[in-house]
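Here is the file coords_20.txt (compact mmCIF, C-alpha atoms and all ligand atoms).
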```txt
# COMPACT_ATOMS: atom_id res chain seq x y z
CA MET A 1 -45.49 34.04 -9.47
CA THR A 2 -42.51 31.78 -10.06
CA GLY A 3 -40.31 30.74 -7.19
CA THR A 4 -37.82 28.21 -5.86
CA VAL A 5 -38.41 25.87 -2.93
CA TYR A 6 -35.84 26.41 -0.17
CA ARG A 7 -37.29 24.36 2.69
CA SER A 8 -40.05 21.94 3.32
CA THR A 9 -41.47 20.52 6.48
CA GLY A 10 -43.85 18.06 4.94
CA SER A 11 -46.93 20.13 4.33
CA TRP A 12 -45.45 23.63 4.22
CA TYR A 13 -42.97 24.89 1.69
CA GLU A 14 -40.78 27.96 2.02
CA VAL A 15 -40.61 29.39 -1.47
CA LYS A 16 -38.45 32.30 -2.57
CA GLY A 17 -40.42 34.22 -5.12
CA ALA A 18 -39.05 35.95 -8.20
CA ASP A 19 -39.34 39.15 -6.12
CA GLY A 20 -36.77 37.81 -3.65
CA VAL A 21 -39.34 37.49 -0.86
CA PHE A 22 -39.96 34.21 0.97
CA TYR A 23 -43.52 32.89 1.01
CA SER A 24 -45.02 30.06 3.03
CA CYS A 25 -46.79 27.86 0.56
CA ARG A 26 -49.04 24.85 0.51
CA ILE A 27 -49.92 22.52 -2.29
CA LYS A 28 -53.35 22.47 -3.87
CA GLY A 29 -55.26 19.55 -2.40
CA LYS A 30 -55.57 17.52 -5.58
CA PHE A 31 -52.08 18.27 -6.75
CA ARG A 32 -50.64 15.88 -4.19
CA LEU A 33 -52.12 12.88 -5.99
CA LYS A 34 -50.63 13.79 -9.31
CA GLY A 35 -47.00 13.45 -8.29
CA ILE A 36 -44.75 10.60 -9.33
CA LYS A 37 -44.54 7.75 -6.88
CA SER A 38 -42.91 9.77 -4.18
CA THR A 39 -43.86 10.61 -0.63
CA ASN A 40 -43.30 14.30 -1.40
CA PRO A 41 -44.56 15.86 -4.63
CA VAL A 42 -42.48 19.02 -4.24
CA ALA A 43 -38.83 19.01 -3.19
CA VAL A 44 -36.18 21.53 -2.23
CA GLY A 45 -34.76 23.05 -5.39
CA ASP A 46 -38.01 22.72 -7.33
CA LYS A 47 -39.02 25.68 -9.45
CA VAL A 48 -42.70 26.25 -8.90
CA GLN A 49 -45.59 28.47 -9.92
CA PHE A 50 -47.66 29.76 -7.03
CA SER A 51 -50.46 32.20 -6.37
CA LEU A 52 -51.21 34.17 -3.24
CA GLU A 53 -54.36 33.72 -1.19
CA LYS A 54 -55.67 35.63 1.81
CA LYS A 55 -56.19 33.42 4.85
CA GLY A 56 -57.50 35.71 7.57
CA ASP A 57 -54.78 38.29 8.13
CA GLU A 58 -52.20 36.12 6.49
CA GLU A 59 -51.25 35.70 2.92
CA ILE A 60 -50.19 32.23 1.90
CA GLY A 61 -48.94 30.84 -1.34
CA ILE A 62 -50.61 28.01 -3.21
CA ILE A 63 -48.32 25.97 -5.40
CA GLY A 64 -50.12 25.06 -8.59
CA GLN A 65 -47.37 23.75 -10.82
CA ILE A 66 -43.80 22.44 -10.76
CA GLU A 67 -41.46 23.11 -13.62
CA GLU A 68 -39.78 20.12 -15.18
CA ARG A 69 -36.74 19.08 -13.14
CA GLU A 70 -33.22 19.20 -14.58
CA ASN A 71 -32.39 16.36 -12.21
CA TYR A 72 -33.28 15.11 -8.77
CA ILE A 73 -31.99 12.75 -6.14
CA VAL A 74 -34.19 10.29 -4.33
CA ARG A 75 -34.09 8.03 -1.37
CA LYS A 76 -36.22 4.94 -1.13
CA SER A 77 -38.62 4.98 1.78
CA VAL A 78 -37.65 2.40 4.32
CA ASN A 79 -41.13 1.04 4.85
CA LEU A 80 -43.05 1.63 1.67
CA SER A 81 -40.70 -0.12 -0.68
CA LYS A 82 -42.27 1.25 -3.85
CA GLN A 83 -42.31 4.82 -2.59
CA THR A 84 -39.43 7.19 -3.01
CA HIS A 85 -38.63 10.42 -1.27
CA ILE A 86 -37.26 13.17 -3.47
CA ILE A 87 -34.47 14.75 -1.48
CA ALA A 88 -33.62 17.65 -3.75
CA ALA A 89 -34.02 18.81 -7.34
CA ASN A 90 -32.20 20.99 -9.87
CA ILE A 91 -28.71 20.51 -8.46
CA ASP A 92 -25.99 22.08 -10.61
CA GLN A 93 -23.11 20.18 -9.07
CA VAL A 94 -21.98 18.06 -6.16
CA PHE A 95 -18.65 18.43 -4.43
CA LEU A 96 -17.55 15.02 -3.22
CA LEU A 97 -15.14 15.43 -0.33
CA VAL A 98 -12.43 12.80 -0.38
CA THR A 99 -9.91 12.18 2.37
CA ILE A 100 -6.99 9.77 2.11
CA ASN A 101 -7.22 8.69 5.72
CA ASN A 102 -9.21 9.91 8.70
CA PRO A 103 -11.59 8.77 7.30
CA PRO A 104 -10.28 6.67 4.40
CA THR A 105 -12.17 7.16 1.13
CA PHE A 106 -11.76 4.18 -1.16
CA THR A 107 -11.92 4.38 -4.93
CA SER A 108 -14.79 1.85 -4.84
CA PHE A 109 -16.84 4.41 -2.90
CA ILE A 110 -15.82 7.27 -5.21
CA ASP A 111 -16.68 5.25 -8.31
CA ARG A 112 -20.05 4.15 -6.95
CA PHE A 113 -20.79 7.79 -6.17
CA LEU A 114 -19.71 8.95 -9.62
CA VAL A 115 -21.82 6.30 -11.32
CA THR A 116 -24.88 7.35 -9.36
CA ALA A 117 -24.22 11.01 -10.10
CA GLU A 118 -23.88 10.21 -13.82
CA ALA A 119 -27.18 8.36 -13.66
CA TYR A 120 -28.77 11.38 -11.95
CA HIS A 121 -27.14 13.75 -14.46
CA ILE A 122 -25.35 15.72 -11.77
CA PRO A 123 -21.78 16.91 -12.40
CA VAL A 124 -19.30 16.06 -9.64
CA VAL A 125 -16.23 17.97 -8.49
CA LEU A 126 -13.82 15.78 -6.53
CA VAL A 127 -12.44 17.73 -3.59
CA PHE A 128 -9.42 16.20 -1.92
CA ASN A 129 -9.64 17.72 1.53
CA LYS A 130 -7.30 17.91 4.52
CA VAL A 131 -4.13 18.33 2.42
CA ASP A 132 -2.63 20.15 5.41
CA THR A 133 -2.49 16.84 7.30
CA TYR A 134 -0.81 14.71 4.63
CA ASP A 135 2.88 13.94 4.73
CA ASP A 136 5.06 14.37 1.71
CA GLU A 137 8.09 12.57 3.13
CA PRO A 138 8.12 8.80 2.91
CA SER A 139 8.00 7.54 6.49
CA GLU A 140 10.69 4.94 5.90
CA ILE A 141 12.86 3.68 3.10
CA LEU A 142 12.13 0.06 2.37
CA ILE A 143 14.53 -2.39 0.78
CA ASP A 144 13.05 -4.78 -1.75
CA PRO A 145 14.11 -8.22 -0.43
CA GLU A 146 14.50 -9.62 -3.94
CA THR A 147 16.42 -6.92 -5.73
CA GLY A 148 17.97 -5.26 -2.70
CA GLU A 149 16.89 -1.92 -4.16
CA GLU A 150 15.51 0.95 -2.19
CA VAL A 151 11.79 1.37 -2.64
CA THR A 152 10.23 4.65 -1.64
CA GLN A 153 6.84 4.40 -0.09
CA MET A 154 3.98 6.35 -1.54
CA THR A 155 3.29 9.34 0.69
CA GLU A 156 -0.21 10.54 1.47
CA LEU A 157 0.27 13.48 -0.88
CA ASP A 158 1.40 11.03 -3.57
CA ALA A 159 -1.88 9.21 -3.05
CA VAL A 160 -3.73 12.49 -3.63
CA ARG A 161 -1.69 13.15 -6.78
CA VAL A 162 -2.31 9.67 -8.13
CA MET A 163 -6.06 9.88 -7.55
CA MET A 164 -6.29 13.38 -9.00
CA HIS A 165 -4.44 12.22 -12.08
CA LEU A 166 -6.68 9.18 -12.42
CA TYR A 167 -9.94 11.12 -12.21
CA LYS A 168 -8.76 14.16 -14.20
CA ASN A 169 -7.86 11.78 -17.00
CA ILE A 170 -11.43 10.54 -17.13
CA GLY A 171 -12.64 14.12 -17.24
CA TYR A 172 -13.66 14.83 -13.67
CA ASP A 173 -12.84 18.17 -12.15
CA CYS A 174 -10.49 17.68 -9.17
CA ILE A 175 -9.11 20.07 -6.59
CA ALA A 176 -6.97 19.66 -3.50
CA ILE A 177 -7.93 21.82 -0.56
CA SER A 178 -7.73 22.30 3.15
CA ALA A 179 -11.02 23.44 4.57
CA ALA A 180 -9.20 24.00 7.87
CA THR A 181 -6.39 26.27 6.65
CA GLY A 182 -8.38 27.81 3.78
CA LYS A 183 -6.09 26.51 1.04
CA ASN A 184 -7.94 26.62 -2.30
CA VAL A 185 -11.21 27.46 -0.60
CA GLU A 186 -11.40 30.50 -2.91
CA LEU A 187 -11.32 28.08 -5.83
CA VAL A 188 -14.25 26.16 -4.38
CA LYS A 189 -16.13 29.45 -4.04
CA GLU A 190 -15.36 30.32 -7.65
CA LYS A 191 -16.75 27.00 -8.80
CA MET A 192 -19.85 27.53 -6.66
CA THR A 193 -20.60 31.02 -7.94
CA GLY A 194 -23.89 31.31 -9.79
CA LYS A 195 -24.80 27.71 -9.04
CA THR A 196 -26.68 25.42 -6.69
CA SER A 197 -24.32 22.94 -5.07
CA MET A 198 -24.24 20.12 -2.57
CA PHE A 199 -21.41 18.82 -0.43
CA SER A 200 -21.14 15.07 -0.06
CA GLY A 201 -18.67 12.59 1.38
CA HIS A 202 -18.04 10.30 4.29
CA SER A 203 -18.76 11.43 7.80
CA GLY A 204 -15.73 13.38 8.99
CA ALA A 205 -14.49 14.25 5.49
CA GLY A 206 -15.07 17.93 6.22
CA LYS A 207 -18.42 18.98 4.74
CA SER A 208 -19.41 21.26 7.62
CA THR A 209 -15.89 22.66 7.89
CA LEU A 210 -15.90 23.50 4.18
CA ALA A 211 -19.35 25.05 4.39
CA ASN A 212 -18.05 27.24 7.18
CA ALA A 213 -14.93 28.09 5.24
CA VAL A 214 -16.90 29.28 2.21
CA GLN A 215 -19.32 31.14 4.44
CA PRO A 216 -18.37 31.67 8.07
CA GLY A 217 -21.33 31.19 10.37
CA LEU A 218 -23.15 28.76 8.12
CA ASP A 219 -24.10 25.91 10.35
CA LEU A 220 -24.95 22.74 8.50
CA LYS A 221 -26.90 20.17 10.39
CA THR A 222 -25.15 17.14 8.95
CA LYS A 223 -23.40 16.26 12.17
CA GLU A 224 -26.34 16.49 14.54
CA ILE A 225 -28.49 14.22 12.42
CA SER A 226 -25.80 11.66 11.71
CA ASP A 227 -25.23 11.33 15.46
CA GLN A 228 -28.91 10.58 15.88
CA HIS A 229 -28.55 7.94 13.20
CA LYS A 230 -25.83 6.26 15.17
CA GLN A 231 -28.17 5.98 18.13
CA GLY A 232 -30.61 4.19 15.89
CA GLN A 233 -33.21 6.93 16.06
CA HIS A 234 -35.37 7.37 13.04
CA THR A 235 -35.15 10.84 11.62
CA THR A 236 -36.88 12.22 8.60
CA THR A 237 -34.62 14.02 6.22
CA PHE A 238 -35.59 17.52 5.26
CA ALA A 239 -33.18 19.10 2.87
CA GLU A 240 -32.68 22.82 3.04
CA MET A 241 -31.27 25.36 0.64
CA PHE A 242 -29.16 28.32 1.74
CA ASP A 243 -28.36 31.51 -0.15
CA LEU A 244 -24.69 32.27 0.35
CA ASP A 245 -23.48 35.84 0.16
CA PHE A 246 -21.45 35.35 -3.02
CA ASP A 247 -24.28 34.42 -5.41
CA ALA A 248 -24.23 30.73 -4.65
CA ARG A 249 -26.72 28.31 -3.17
CA LEU A 250 -25.92 25.31 -1.03
CA ILE A 251 -28.32 22.45 -0.43
CA ASP A 252 -27.83 20.80 2.92
CA THR A 253 -29.15 17.27 3.16
CA PRO A 254 -28.94 16.24 6.80
CA GLY A 255 -28.21 12.58 7.25
CA ILE A 256 -27.43 11.93 3.60
CA LYS A 257 -23.71 11.42 3.09
CA GLY A 258 -23.74 9.46 -0.12
CA PHE A 259 -26.19 9.15 -2.94
CA GLY A 260 -28.69 6.37 -2.84
CA VAL A 261 -28.13 3.51 -5.21
CA VAL A 262 -29.96 3.90 -8.47
CA ASP A 263 -31.50 0.73 -9.82
CA MET A 264 -29.87 -0.02 -13.10
CA GLU A 265 -29.56 -2.87 -15.52
CA LYS A 266 -26.20 -4.59 -15.90
CA GLU A 267 -26.02 -3.32 -19.47
CA GLU A 268 -26.36 0.28 -18.31
CA VAL A 269 -23.59 0.32 -15.73
CA GLY A 270 -20.76 0.77 -18.24
CA ASP A 271 -22.48 3.81 -19.71
CA TYR A 272 -21.91 5.64 -16.42
CA PHE A 273 -18.14 5.11 -16.60
CA PRO A 274 -17.19 7.74 -19.22
CA GLU A 275 -14.02 5.89 -20.22
CA ILE A 276 -15.94 2.62 -20.73
CA PHE A 277 -18.83 4.29 -22.53
CA GLU A 278 -16.34 5.96 -24.86
CA ARG A 279 -14.87 2.62 -25.94
CA LYS A 280 -17.85 0.32 -26.07
CA GLN A 281 -18.50 0.82 -29.77
CA ASP A 282 -15.07 -0.72 -30.41
CA CYS A 283 -16.00 -3.98 -28.67
CA LYS A 284 -16.74 -6.88 -31.01
CA PHE A 285 -20.16 -7.49 -29.49
CA HIS A 286 -22.58 -4.61 -29.27
CA ASN A 287 -23.90 -5.98 -25.99
CA CYS A 288 -20.43 -6.64 -24.57
CA LEU A 289 -20.33 -6.55 -20.77
CA HIS A 290 -16.52 -6.38 -20.90
CA LEU A 291 -16.12 -9.59 -18.90
CA GLU A 292 -14.95 -12.66 -20.81
CA GLU A 293 -16.01 -11.61 -24.30
CA PRO A 294 -13.35 -11.78 -27.03
CA LYS A 295 -12.10 -8.61 -28.73
CA CYS A 296 -13.28 -6.35 -25.95
CA ALA A 297 -11.96 -2.80 -26.32
CA VAL A 298 -12.51 -2.08 -22.65
CA LYS A 299 -10.46 -5.01 -21.40
CA GLU A 300 -7.73 -4.10 -23.88
CA ALA A 301 -7.69 -0.58 -22.50
CA VAL A 302 -7.39 -1.96 -18.96
CA GLU A 303 -4.54 -4.22 -20.02
CA ASN A 304 -2.57 -1.46 -21.68
CA GLY A 305 -3.18 0.92 -18.79
CA GLU A 306 -5.52 3.35 -20.55
CA ILE A 307 -8.29 2.48 -18.13
CA ALA A 308 -7.32 2.38 -14.45
CA TYR A 309 -7.57 -1.06 -12.96
CA SER A 310 -9.34 0.33 -9.87
CA ARG A 311 -12.08 1.69 -12.14
CA TYR A 312 -12.50 -1.64 -13.90
CA GLU A 313 -12.69 -3.34 -10.51
CA SER A 314 -15.41 -0.92 -9.40
CA TYR A 315 -17.25 -1.65 -12.62
CA LEU A 316 -17.07 -5.40 -11.99
CA GLN A 317 -18.29 -4.88 -8.44
CA LEU A 318 -21.26 -2.84 -9.62
CA ILE A 319 -22.41 -5.30 -12.26
CA SER A 320 -22.11 -8.22 -9.87
CA ASP A 321 -24.20 -6.40 -7.25
CA GLU A 322 -27.50 -7.96 -8.11
CA ASP A 323 -28.81 -8.51 -4.67
CA GLU A 324 -30.74 -5.38 -3.76
CA ASN A 325 -30.45 -5.92 -0.03
CA TYR A 326 -26.77 -6.24 -0.24
CA ARG A 327 -26.66 -2.99 -2.13
CA ALA A 328 -28.93 -1.26 0.33
CA ASP A 329 -26.79 -2.39 3.25
CA LYS A 330 -23.66 -1.20 1.57
CA HIS A 331 -25.25 2.16 1.02
CA ARG A 332 -26.43 2.42 4.59
CA ALA A 333 -22.89 1.89 5.77
CA HIS A 334 -22.00 5.15 4.07
CA LEU A 335 -24.60 7.21 5.85
N1 LIG B 1 -6.61 19.27 9.61
C1 LIG B 1 -7.79 19.39 8.99
N2 LIG B 1 -8.92 19.03 9.62
C2 LIG B 1 -10.09 19.16 8.98
C3 LIG B 1 -10.17 19.66 7.66
N3 LIG B 1 -11.47 19.66 7.30
C4 LIG B 1 -12.15 19.17 8.35
N4 LIG B 1 -11.33 18.87 9.37
C5 LIG B 1 -11.69 18.29 10.67
O1 LIG B 1 -12.28 17.02 10.46
C6 LIG B 1 -13.31 16.80 11.39
C7 LIG B 1 -14.60 16.46 10.68
O2 LIG B 1 -15.00 17.59 9.93
P1 LIG B 1 -16.53 17.95 9.66
O3 LIG B 1 -16.56 19.21 8.88
O4 LIG B 1 -17.31 17.89 10.91
O5 LIG B 1 -16.92 16.71 8.74
P2 LIG B 1 -18.35 16.37 8.09
O6 LIG B 1 -18.06 15.83 6.76
O7 LIG B 1 -19.24 17.55 8.18
O8 LIG B 1 -18.81 15.21 9.06
P3 LIG B 1 -20.30 14.73 9.40
O9 LIG B 1 -21.04 15.93 9.90
O10 LIG B 1 -20.13 13.66 10.42
O11 LIG B 1 -20.85 14.22 8.12
C8 LIG B 1 -13.40 18.06 12.24
O12 LIG B 1 -12.66 17.84 13.42
C9 LIG B 1 -12.73 19.10 11.39
O13 LIG B 1 -12.15 20.11 12.15
C10 LIG B 1 -8.96 20.06 7.01
O14 LIG B 1 -8.90 20.51 5.88
N5 LIG B 1 -7.81 19.88 7.72
ZN ZN B 2 -16.25 -4.97 -24.17
```

Now, as a test, write the supplied structure out as structure tokens.
Amino acid sequence: MTGTVYRSTGSWYEVKGADGVFYSCRIKGKFRLKGIKSTNPVAVGDKVQFSLEKKGDEEIGIIGQIEERENYIVRKSVNLSKQTHIIAANIDQVFLLVTINNPPTFTSFIDRFLVTAEAYHIPVVLVFNKVDTYDDEPSEILIDPETGEEVTQMTELDAVRVMMHLYKNIGYDCIAISAATGKNVELVKEKMTGKTSMFSGHSGAGKSTLANAVQPGLDLKTKEISDQHKQGQHTTTFAEMFDLDFDARLIDTPGIKGFGVVDMEKEEVGDYFPEIFERKQDCKFHNCLHLEEPKCAVKEAVENGEIAYSRYESYLQLISDEDENYRADKHRAHL
């Protein structure tokens, strides 16, 4: 029978069969060795083939085969440096929750996330949450000391508008919501329908609140685990998939708030910025890194405002991040 893995506890897998029934499954003994270099050969979201075996009074499933993955996200094992842990597979989309303040989400974080998602081949929807808390009135009118002119401050809602404009221009789907008041939550549900999604974002950005808004009563474990992290306790991450009652699936990944950093060559980084990738064939040098090279189409686009400066800055940051440890620490700070 074919099925999809919804939960795993290490050696047992909860698989929903094509008949809609959940089966407890194990992996064939030898199968374990055949996996890629990961600590878990089968991950949540995997489509598998399994057969049923009688074990005393019980019937258990034996997973014999995994279907090729559309995509998957991994986390490097802390101790076994060469080993990776596959967190989840076959993810249709990730909703990245962004908040202007409380907590602040910087464009450098968003861009790093988008680059990783591009590398994983996972579409991202940017969700600007907590719009109910943002002011739309400038808090004070400032006078420019040089010109004596009134300068209006950017409001928090302006900041949302500017970011939405920036990312929409590149081609990313953006929506502004309030998980607390329900504003545009229906839109999120529409986008989730028929798909397998994940919610990501900084701690406090509203992932659990949104999960509860799309399906009241759904209790994600993100909080509990992240609190344990703060106390320095080591916890193993077991992702879990939930069927929602409007033909949508949500993968909860306790303790994982961002994506891990994918190892990539300097030359690759630009390919994961759609607006850089799009222009690279117009650079004079085919291997242009868009730094100091002459006749660089990317730098020209930055200069004439076609590429946002914040994006170019994020690009520069990513290609200068050669020190793995530095990168790992930065990532950990986002957990
Ligand atoms: N005013 C307002 N508050 C919100 C909104 N969304 C979430 N909150 C509040 O923000 C706080 C954090 O929300 P959570 O849903 O716990 O955030 P989280 O992303 O799940 O956080 P972690 O579990 O730590 O990763 C809670 O107090 C929520 O009530 C919103 O749209 N508007
Ligand atoms: Zn260039």

Can you measure CA of Tyr312 in chain A to CA of Gly171 in chain A for me? One decimal in Å is fine. 16.1 Å

For CA of Val262 in chain A and CA of Lys280 in chain A, the interatomic separation in Å (one decimal):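 Separating CA of Val262 in chain A from CA of Lys280 in chain A is a distance of 21.7 Å.
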
Please identify all protein, DNA and RNA residues within 7 Å of ligand LIG 1 (chain B), counting all atoms listed in the file, and report them as a list in words. Asn129, Lys130, Val131, Asp132, Thr133, Ile177, Ser178, Ala179, Ala180, Thr181, Gly201, His202, Ser203, Gly204, Ala205, Gly206, Lys207, Ser208, Thr209, Leu210, Thr222, Lys223, Ser226 and Lys257 of chain A

Neighbours of Gln93 in chain A within 10 Å (all atoms listed in the file; same-chain residues fewer than 5 positions away dropped), as a list of chain:residue names?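 Once the nearby chain positions are removed, what remains is A:Ala117, A:His121, A:Ile122, A:Pro123, A:Val124, A:Val125, A:Lys191, A:Met192, A:Lys195, A:Thr196, A:Ser197, A:Met198, A:Phe199, A:Leu250.
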
Could the residues that lie within 12 Å of ligand ZN 2 (chain B), counting only C-alpha atoms and all ligand atoms, be listed as a short mmCIF file (atom, residue, chain, number, x, y, z; two decimals) with C-alpha atoms, in the frame of the given file?
```
data_model
loop_
_atom_site.label_atom_id
_atom_site.label_comp_id
_atom_site.auth_asym_id
_atom_site.auth_seq_id
_atom_site.Cartn_x
_atom_site.Cartn_y
_atom_site.Cartn_z
CA GLU A 267 -26.02 -3.32 -19.47
CA GLY A 270 -20.76 0.77 -18.24
CA ASP A 271 -22.48 3.81 -19.71
CA GLU A 275 -14.02 5.89 -20.22
CA ILE A 276 -15.94 2.62 -20.73
CA PHE A 277 -18.83 4.29 -22.53
CA GLU A 278 -16.34 5.96 -24.86
CA ARG A 279 -14.87 2.62 -25.94
CA LYS A 280 -17.85 0.32 -26.07
CA GLN A 281 -18.50 0.82 -29.77
CA ASP A 282 -15.07 -0.72 -30.41
CA CYS A 283 -16.00 -3.98 -28.67
CA LYS A 284 -16.74 -6.88 -31.01
CA PHE A 285 -20.16 -7.49 -29.49
CA HIS A 286 -22.58 -4.61 -29.27
CA ASN A 287 -23.90 -5.98 -25.99
CA CYS A 288 -20.43 -6.64 -24.57
CA LEU A 289 -20.33 -6.55 -20.77
CA HIS A 290 -16.52 -6.38 -20.90
CA LEU A 291 -16.12 -9.59 -18.90
CA GLU A 292 -14.95 -12.66 -20.81
CA GLU A 293 -16.01 -11.61 -24.30
CA PRO A 294 -13.35 -11.78 -27.03
CA LYS A 295 -12.10 -8.61 -28.73
CA CYS A 296 -13.28 -6.35 -25.95
CA ALA A 297 -11.96 -2.80 -26.32
CA VAL A 298 -12.51 -2.08 -22.65
CA LYS A 299 -10.46 -5.01 -21.40
CA GLU A 300 -7.73 -4.10 -23.88
CA ALA A 301 -7.69 -0.58 -22.50
CA VAL A 302 -7.39 -1.96 -18.96
CA TYR A 312 -12.50 -1.64 -13.90
#
```

Å distance separating CA of Met241 in chain A from CA of Gly45 in chain A, one decimal place: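 Taking CA of Met241 in chain A as the start and CA of Gly45 in chain A as the end point, the length is 7.3 Å.
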
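If you measure from each of A:His165, A:Lys28, A:Lys47, A:His85 to Gly64 in chain A using all atoms listed in the file, the closest one turns out to be A:Lys28.
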
Looking at A:Ala239, A:Leu316, A:Ile60, A:Ala18, which one is nearest to Pro254 in chain A, with distances taken over all atoms listed in the file? A:Ala239

Residues at most 10 Å from Pro138 in chain A, counting all atoms listed in the file, excluding those fewer than 6 positions away in the same chain, as JSON, numbers by chain? {"A": [151, 152, 153, 154, 155, 156, 157, 158]}

Would it be fine to have range 9-20 of chain A, with N, CA and C atoms, given as an mmCIF file, in the first residue's frame?
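selection.cif was written with the following content:
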```cif
data_model
loop_
_atom_site.group_PDB
_atom_site.id
_atom_site.type_symbol
_atom_site.label_atom_id
_atom_site.label_comp_id
_atom_site.auth_asym_id
_atom_site.auth_seq_id
_atom_site.Cartn_x
_atom_site.Cartn_y
_atom_site.Cartn_z
ATOM 1 N N THR A 9 8.898 8.538 15.658
ATOM 2 C CA THR A 9 9.496 8.640 16.987
ATOM 3 C C THR A 9 10.872 7.988 16.986
ATOM 4 N N GLY A 10 11.473 7.901 15.845
ATOM 5 C CA GLY A 10 12.778 7.268 15.798
ATOM 6 C C GLY A 10 12.694 5.934 15.106
ATOM 7 N N SER A 11 12.058 4.967 15.763
ATOM 8 C CA SER A 11 11.997 3.650 15.126
ATOM 9 C C SER A 11 10.602 3.299 14.604
ATOM 10 N N TRP A 12 9.592 4.030 15.104
ATOM 11 C CA TRP A 12 8.228 3.805 14.618
ATOM 12 C C TRP A 12 7.775 4.965 13.747
ATOM 13 N N TYR A 13 6.998 4.630 12.758
ATOM 14 C CA TYR A 13 6.462 5.662 11.870
ATOM 15 C C TYR A 13 4.954 5.527 11.799
ATOM 16 N N GLU A 14 4.253 6.638 11.973
ATOM 17 C CA GLU A 14 2.801 6.642 11.801
ATOM 18 C C GLU A 14 2.531 7.000 10.352
ATOM 19 N N VAL A 15 1.979 6.065 9.629
ATOM 20 C CA VAL A 15 1.774 6.266 8.194
ATOM 21 C C VAL A 15 0.282 6.247 7.887
ATOM 22 N N LYS A 16 -0.176 7.247 7.150
ATOM 23 C CA LYS A 16 -1.567 7.256 6.723
ATOM 24 C C LYS A 16 -1.640 6.590 5.357
ATOM 25 N N GLY A 17 -2.320 5.482 5.330
ATOM 26 C CA GLY A 17 -2.400 4.718 4.091
ATOM 27 C C GLY A 17 -3.344 5.359 3.083
ATOM 28 N N ALA A 18 -3.289 4.863 1.859
ATOM 29 C CA ALA A 18 -4.162 5.369 0.801
ATOM 30 C C ALA A 18 -5.629 5.167 1.186
ATOM 31 N N ASP A 19 -5.891 4.228 2.119
ATOM 32 C CA ASP A 19 -7.265 3.983 2.569
ATOM 33 C C ASP A 19 -7.698 4.948 3.674
ATOM 34 N N GLY A 20 -6.816 5.894 4.027
ATOM 35 C CA GLY A 20 -7.179 6.885 5.040
ATOM 36 C C GLY A 20 -6.970 6.405 6.474
#
```
